[in-house]
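Colleague: The structure file my_file_17.csv (CSV, C-alpha atoms) is provided below.
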chain,number,residue,atom,x,y,z
M,1,ARG,CA,14.2,-15.4,-2.7
M,2,THR,CA,17.7,-14.6,-3.9
M,3,ARG,CA,17.0,-10.9,-3.8
M,4,LEU,CA,15.6,-11.1,-0.4
M,5,LYS,CA,18.6,-13.0,0.9
M,6,ALA,CA,21.0,-10.6,-0.7
M,7,GLY,CA,19.1,-7.8,0.9
M,8,GLY,CA,19.5,-9.4,4.3
M,9,VAL,CA,16.0,-10.8,4.6
M,10,HIS,CA,15.9,-14.4,5.8
M,11,ASP,CA,12.3,-14.6,6.9
M,12,SER,CA,10.0,-17.5,5.9
M,13,TRP,CA,7.4,-16.9,3.2
M,14,GLN,CA,4.7,-17.0,5.8
M,15,THR,CA,6.4,-14.2,7.8
M,16,ILE,CA,6.8,-12.1,4.6
M,17,ARG,CA,3.2,-12.6,3.6
M,18,ASP,CA,2.0,-11.7,7.2
M,19,THR,CA,4.2,-8.6,7.1
M,20,LEU,CA,3.1,-7.3,3.7
M,21,GLY,CA,-0.5,-8.4,4.3
M,22,THR,CA,-1.1,-5.6,6.7
M,23,LEU,CA,-0.4,-2.9,4.2
M,24,VAL,CA,-3.8,-1.7,3.1
M,25,ARG,CA,-5.4,0.8,0.8
M,26,THR,CA,-8.6,2.5,1.9
M,27,THR,CA,-11.2,4.1,-0.2
M,28,THR,CA,-13.8,6.4,1.3
M,29,SER,CA,-16.8,7.7,-0.7
M,30,PHE,CA,-18.9,10.8,0.0
M,31,GLU,CA,-21.9,12.1,-1.8
M,32,ARG,CA,-21.4,15.8,-2.5
M,33,GLU,CA,-24.1,18.5,-2.5
M,34,ASP,CA,-24.2,18.5,-6.3
M,35,ARG,CA,-25.0,14.7,-6.1
M,36,ARG,CA,-21.6,13.7,-7.5
M,37,THR,CA,-19.6,11.2,-5.6
M,38,LEU,CA,-16.1,12.0,-4.2
M,39,HIS,CA,-13.8,9.0,-3.7
M,40,LEU,CA,-10.7,9.4,-1.5
M,41,ARG,CA,-8.1,6.6,-1.7
M,42,LYS,CA,-5.0,6.4,0.5
M,43,THR,CA,-2.5,3.7,1.2
M,44,ALA,CA,-1.4,3.1,4.8
M,45,GLU,CA,2.0,4.2,5.9
M,46,PRO,CA,4.4,1.2,5.6
M,47,ASP,CA,6.4,0.3,8.7
M,48,ALA,CA,10.2,-0.4,8.8
M,49,GLU,CA,9.8,-4.1,8.1
M,50,MET,CA,7.7,-3.5,5.0
M,51,ILE,CA,10.1,-0.9,3.7
M,52,ALA,CA,13.0,-3.3,4.1
M,53,LEU,CA,11.2,-6.0,2.2
M,54,TYR,CA,10.3,-3.7,-0.7
M,55,ARG,CA,13.9,-2.4,-0.9
M,56,ALA,CA,15.4,-5.9,-0.7
M,57,MET,CA,13.1,-6.9,-3.7
M,58,ASP,CA,14.0,-3.7,-5.5
M,59,ILE,CA,10.3,-2.8,-5.8
M,60,PRO,CA,9.1,0.8,-5.5
M,61,LEU,CA,7.0,1.5,-2.5
M,62,PRO,CA,3.3,1.9,-3.1
M,63,PRO,CA,2.2,5.6,-3.6
M,64,ARG,CA,1.1,7.1,-0.3
M,65,LYS,CA,-0.4,10.4,-1.5
M,66,LEU,CA,-4.1,11.0,-1.3
M,67,HIS,CA,-5.9,10.3,-4.6
M,68,LYS,CA,-9.2,12.0,-5.3
M,69,THR,CA,-11.8,11.1,-7.9
M,70,ILE,CA,-15.1,12.7,-8.5
M,71,VAL,CA,-17.8,10.9,-10.5
Would you put the structure from the file into structure tokens?
Modeller:
Amino acid sequence: RTRLKAGGVHDSWQTIRDTLGTLVRTTTSFEREDRRTLHLRKTAEPDAEMIALYRAMDIPLPPRKLHKTIV
């Protein structure tokens, strides 16, 4: 809470939870022709409010690059 206040964030816990709760990570799976499964995972783009919260807490933003896994 101290870091948030020092970073200029004076929102309630409920507002902070509601703001950060909309940041989602989506995984989509496809079956390839060779019968292996391709999983694509991507984190949504954070908005300005989310970025401000992460910076105020000195936490790195979640990775936003596309992550591919084949199993």
Colleague: Go ahead and compute the interatomic distance for atom CA of M:Thr19 and atom CA of M:Pro60, in Å to one decimal.
Modeller: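 According to the coordinates, atom CA of M:Thr19 and atom CA of M:Pro60 are separated by 16.5 Å.
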Colleague: Residues within 10 Å of M:Asp58, please, as a PDB file with C-alpha atoms, in the frame of the given file. Count all atoms listed in the file; anything in the same chain fewer than 6 positions from it doesn't count.
Modeller:
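That gives us part.pdb:
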ATOM      1  CA  ARG M   3      17.000 -10.900  -3.800  1.00  0.00           C
ATOM      2  CA  LEU M   4      15.600 -11.100  -0.400  1.00  0.00           C
ATOM      3  CA  GLY M   7      19.100  -7.800   0.900  1.00  0.00           C
ATOM      4  CA  ALA M  52      13.000  -3.300   4.100  1.00  0.00           C
TER       5      ALA M  52
END
Colleague: Got a sec: who's within 12 Å of M:Pro63, counting all atoms listed in the file, leaving out chain neighbours fewer than 5 positions off, as a PyMOL selection string?
Modeller: chain M and resi 23-25+41-46
Colleague: Would you kindly return, as JSON, numbers by chain, each protein, DNA or RNA residue with an atom no farther than 9 Å from any atom of stretch 10-16 of chain M, considering only C-alpha atoms and excluding same-chain residues fewer than 6 positions away?
Modeller: {"M": [1, 4, 50, 53]}
Colleague: For the atom pair atom CA of M:Thr2 and atom CA of M:Pro62, what is the interatomic distance in Å to one decimal place?
Modeller: 21.9 Å
Colleague: Could you jot down the atom CA of M:Arg36 to atom CA of M:Ile70 separation for me, Å, one decimal place?
Modeller: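 Separation between atom CA of M:Arg36 and atom CA of M:Ile70: 6.7 Å.
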